[in-house]
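J.: The structure under discussion is supplied below as structure tokens; questions concerning it will follow.
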Amino acid sequence: MEQQATAVPEKKQRILSGIQPSGTPTLGNYIGAMRNWKLLSDEYDCLYMIADLHSITVRQEPAKLRQQSTQLLALLMAIGLDPEKNVLFLQSHVPQHAQLSWVLNCYTYMGEMSRMTQFKDKSAKHSDNINCGLFTYPILMAADILLYQANLVPVGADQTQHLEICRDIATRFNGIYGNVFTVPEGYFPKFGAKVMSLQEPTRKMSKSDPDDCFISMLDNADNIRRKIKRAVTDSDSSIAYDPENKPGVSNLLTIQSALTGESMDAIVASYEGKGYGALKSQLTDVVIDTLAPIQDKFNQYMNDKAYLEQVWRAGAETASRLADRTLSKVMKKVGFVAR
Ligand code: ATP
Ligand code: LTN
């Protein structure tokens with residue numbers, strides 16, 4: 001009799017992404033990255049990391065860094081990432097990131113790093129602390145991704161260059177030693193891949209900028225209302241999507257489209273004959289309605305410190321096990337003597 005073949009479940013592709021605990025996540029982080037982490041989490045095998053090692057490329061206050069890291073874990077769960085289905089972990093809990101990063105440093109050129117726009121921006125912003133970590137930041141990020149053989153990396157548009165360099169490093173290493181690393185692809189949202197600052201709409205919204213420039217995911221309704229009210233628009237009063245000539249208004253429209261899922265055309269049409277006041281008031285409601293349920297869940301998780309600890313410990317263990325496989329292979333290929 002013919003034997004019945006048992007269906008082998010197809011192996012899911014893997015995702016890795018990260019966010020720095022350098023402040024409270026903003027609407028930019030949410031729309032550009034975190035929201036997609038949730039959307040992709042059923043289809044992929046996902047690891048989401050709190051990039052605390054990256055965050056010390058800019059000076060951090062130790063007590064605040066600890067608090068922001070814990071809050072970030074609670075926020076990841078509050079947006080719906082189930083720690084049973086996704087590996088949630090802190091980068092500093094998995095030493096393999098720093099180990100692989102060193103090796104990759106030796107396969108990356110100074111010229112490549114000096115072209116990175118984030119390095120140029122951040123060294124201009126922190127001219128008193130242009131440290132080597134800021135310079136080699138993208139190499140650590142490449143290590144984060146390559147350690148887990150990730151296929152897909154959901155990030156905002158500001159990370160395109162870093163992802164490209166990660167692909168270059170992986171391809172270079174594979175060219176010398178054979179197929180060691182999976183060369184990853186980026187995943188960027190269609191709308192809101194780059195949410196702009198409310199005060200300087202030609203620059204990206206950033207959680208480490210002054211408070212009025214961003215809406216944090218933990219801002220209360222009054223703060224949200226005030227910040228949107230004060231957001232920079234422009235001198236004429238027509239509502240149109242024109243990022244070049246009307247960056248402020250276009251940014252507000254982008255946020256509305258990203259959060260409601262409505263097309264830009266439909267949103268612009270809905271404001272015909274109306275002024276900026278209508279846009280700002282409508283957007284305020286949309287933002288509050290989006291964030292309120294997340295904030296409720298966040299508060300519940302923050303009140304259960306023991307559970308948070310349990311989650312980050314389990315996450316570190318799983319991540320470490322996976323990371324070890326790649327790191328051992330790399331050490332062998334490079335020619336280090338096995339211990
Ligand atoms: P910092 O201000 O400390 O540099 P950041 O706010 O730029 O931090 P990161 O932690 O570096 O945020 O980024 C986390 C994720 O959020 C990344 O995928 C990044 O691309 C995305 N992201 C950050 N800012 C924006 C933005 N303004 N619009 C869309 N996506 C963004
Ligand atoms: N540099 C990223 C944060 C980050 C990251 C990663 C994102 C650190 N390691 C690995 C994706 C994959 C940023 O968003 N600024």
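By order in the structure tokens, chains are A, B, ...; within a chain, residues start at 1; ligands start at 1, following the order shown.
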Return as a VMD selection string the residues of protein, DNA or RNA that approach ligand 2 to within 10 Å, with only C-alpha atoms and all ligand atoms taken into account.
T.: chain A and resid 15 to 22 29 32 to 33 47 to 55 91 97 118 137 to 146 150 152 to 160 162 to 163 166 186 206
J.: Write out as a PyMOL selection string all residues of region 43-92 of chain A that backbone DSSP assigns to helix (DSSP H, G or I).
T.: chain A and resi 52-55+62-78+91-92
J.: Please dump the current selection as a PDB file, in the first residue's frame; keep C-alpha atoms.
T.:
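File written: out.pdb
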```
ATOM      1  CA  ASP A  52      20.089  49.358  24.281  1.00  0.00           C
ATOM      2  CA  LEU A  53      23.677  48.898  23.049  1.00  0.00           C
ATOM      3  CA  HIS A  54      22.934  51.268  20.173  1.00  0.00           C
ATOM      4  CA  SER A  55      21.380  53.844  22.480  1.00  0.00           C
ATOM      5  CA  PRO A  62      21.586  55.283  33.618  1.00  0.00           C
ATOM      6  CA  ALA A  63      18.355  55.333  35.672  1.00  0.00           C
ATOM      7  CA  LYS A  64      16.404  56.725  32.740  1.00  0.00           C
ATOM      8  CA  LEU A  65      17.871  54.212  30.320  1.00  0.00           C
ATOM      9  CA  ARG A  66      16.770  51.359  32.583  1.00  0.00           C
ATOM     10  CA  GLN A  67      13.274  52.804  32.859  1.00  0.00           C
ATOM     11  CA  GLN A  68      12.944  53.479  29.142  1.00  0.00           C
ATOM     12  CA  SER A  69      14.092  49.949  28.306  1.00  0.00           C
ATOM     13  CA  THR A  70      11.514  48.408  30.626  1.00  0.00           C
ATOM     14  CA  GLN A  71       8.800  50.702  29.302  1.00  0.00           C
ATOM     15  CA  LEU A  72       9.689  49.786  25.765  1.00  0.00           C
ATOM     16  CA  LEU A  73       9.205  46.103  26.475  1.00  0.00           C
ATOM     17  CA  ALA A  74       5.789  46.861  28.010  1.00  0.00           C
ATOM     18  CA  LEU A  75       4.913  48.957  24.939  1.00  0.00           C
ATOM     19  CA  LEU A  76       5.848  46.175  22.539  1.00  0.00           C
ATOM     20  CA  MET A  77       3.428  43.906  24.356  1.00  0.00           C
ATOM     21  CA  ALA A  78       0.832  46.694  24.514  1.00  0.00           C
ATOM     22  CA  GLN A  91      20.259  43.481  22.976  1.00  0.00           C
ATOM     23  CA  SER A  92      22.646  43.789  25.951  1.00  0.00           C
TER      24      SER A  92
END
```
J.: Residues near Pro293 (chain A), anyone? I mean within 12 Å using only C-alpha atoms, not counting same-chain ones fewer than 6 positions away, as a PDB file with N, CA and C atoms, in the first residue's frame.
T.:
```pdb
ATOM      1  N   LEU A  75       5.599  48.385  26.116  1.00  0.00           N
ATOM      2  CA  LEU A  75       4.913  48.957  24.939  1.00  0.00           C
ATOM      3  C   LEU A  75       4.817  47.953  23.793  1.00  0.00           C
ATOM      4  N   ALA A  78       2.084  45.925  24.584  1.00  0.00           N
ATOM      5  CA  ALA A  78       0.832  46.694  24.514  1.00  0.00           C
ATOM      6  C   ALA A  78       0.336  46.876  23.080  1.00  0.00           C
ATOM      7  N   ILE A  79       1.255  46.884  22.098  1.00  0.00           N
ATOM      8  CA  ILE A  79       0.769  46.999  20.707  1.00  0.00           C
ATOM      9  C   ILE A  79       0.337  45.632  20.173  1.00  0.00           C
ATOM     10  N   GLY A  80       0.440  44.611  21.019  1.00  0.00           N
ATOM     11  CA  GLY A  80      -0.119  43.313  20.634  1.00  0.00           C
ATOM     12  C   GLY A  80       0.909  42.238  20.318  1.00  0.00           C
ATOM     13  N   MET A 217       4.127  57.950  22.248  1.00  0.00           N
ATOM     14  CA  MET A 217       3.041  56.966  22.359  1.00  0.00           C
ATOM     15  C   MET A 217       2.400  56.991  23.741  1.00  0.00           C
ATOM     16  N   LEU A 218       3.058  57.688  24.686  1.00  0.00           N
ATOM     17  CA  LEU A 218       2.490  57.756  26.031  1.00  0.00           C
ATOM     18  C   LEU A 218       1.945  59.146  26.356  1.00  0.00           C
ATOM     19  N   ASN A 220      -0.562  62.127  26.926  1.00  0.00           N
ATOM     20  CA  ASN A 220      -1.999  62.109  27.247  1.00  0.00           C
ATOM     21  C   ASN A 220      -2.764  62.997  26.250  1.00  0.00           C
ATOM     22  N   VAL A 287      -5.539  60.387  16.543  1.00  0.00           N
ATOM     23  CA  VAL A 287      -4.348  60.001  17.307  1.00  0.00           C
ATOM     24  C   VAL A 287      -4.751  59.517  18.706  1.00  0.00           C
ATOM     25  N   ASN A 299      -0.121  50.313  30.779  1.00  0.00           N
ATOM     26  CA  ASN A 299      -0.182  50.493  32.233  1.00  0.00           C
ATOM     27  C   ASN A 299      -0.353  49.162  32.953  1.00  0.00           C
ATOM     28  N   GLN A 300      -1.138  48.282  32.367  1.00  0.00           N
ATOM     29  CA  GLN A 300      -1.305  46.955  32.999  1.00  0.00           C
ATOM     30  C   GLN A 300       0.034  46.212  33.058  1.00  0.00           C
TER      31      GLN A 300
END
```
J.: Closest to ligand 1 among A:Tyr177, A:Phe135, A:Tyr109, A:Phe119, using only C-alpha atoms and all ligand atoms?
T.: A:Phe119
J.: So the first atom is CA of His126 (chain A) and the second is CA of Ala193 (chain A); what is the distance between them in Å, to one decimal place?
T.: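 Taking CA of His126 (chain A) and CA of Ala193 (chain A), their separation equals 24.8 Å.
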J.: Give me the residues within 9 Å of region 227-233 of chain A as a PyMOL selection string, counting only C-alpha atoms and dropping any in the same chain fewer than 6 places off.
T.: chain A and resi 197-201+211-215+246-250+252+276-277+280-281+283-284
J.: Using only C-alpha atoms, determine which residues lie at most 12 Å from Asp324 (chain A), disregarding the query and same-chain residues fewer than 3 positions distant; provide the list as number ranges by chain.
T.: A: 94-97, 99-100, 146-149, 316-321, 327-331
J.: Restricting the calculation to only C-alpha atoms: of A:Lys274, A:Arg115, A:Arg339, A:Arg35, which residue gets closest to Leu81 (chain A)?
T.: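 Comparing A:Lys274, A:Arg115, A:Arg339, A:Arg35 against Leu81 (chain A), the winner is A:Arg35.
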J.: Considering only C-alpha atoms, return as a short mmCIF file (atom, residue, chain, number, x, y, z; two decimals) with C-alpha atoms, in the first residue's frame whatever protein or nucleic-acid residues lie within 9 Å of Leu253 (chain A), sequence-local ones (same chain, fewer than 2 positions apart) excluded.
T.:
```cif
data_model
loop_
_atom_site.label_atom_id
_atom_site.label_comp_id
_atom_site.auth_asym_id
_atom_site.auth_seq_id
_atom_site.Cartn_x
_atom_site.Cartn_y
_atom_site.Cartn_z
CA ILE A 239 -5.21 71.60 2.40
CA ALA A 240 -3.21 69.67 -0.19
CA TYR A 241 -0.69 66.85 -0.16
CA GLY A 248 3.87 70.60 7.54
CA VAL A 249 0.37 70.01 6.21
CA SER A 250 1.50 67.00 4.19
CA ASN A 251 2.98 65.46 7.31
CA ILE A 255 -0.20 60.65 9.80
CA GLN A 256 -3.96 60.64 9.30
CA SER A 257 -3.74 58.38 6.27
CA ALA A 258 -1.34 55.98 7.98
CA MET A 264 -4.58 60.29 0.66
CA ILE A 267 -8.60 62.42 3.04
CA VAL A 268 -7.68 65.51 1.05
CA LEU A 279 -7.54 69.04 9.87
CA LEU A 283 -6.26 64.36 13.41
#
```
J.: Output as a ChimeraX atom specification all residues of region 84-234 of chain A that backbone DSSP marks as strand (DSSP E).
T.: /A:86-90,152-154,185-187
J.: I need the residue nearest ligand 1 from this list: A:Cys132, A:Met110, A:Val311, A:Val195. Use only C-alpha atoms and all ligand atoms for the distance.
T.: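 For ligand 1, the nearest of the candidates is A:Val195.
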J.: Which polymer residues have any atom within 6 Å of an atom of region 37-45 of chain A, counting only C-alpha atoms, with same-chain residues fewer than 3 positions away left out, as number ranges by chain?
T.: A: 12-14, 34, 81
J.: Do you have the CA of Ser127 (chain A)-CA of Ser208 (chain A) distance handy?
T.: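 According to the coordinates, CA of Ser127 (chain A) and CA of Ser208 (chain A) are separated by 15.2 Å.
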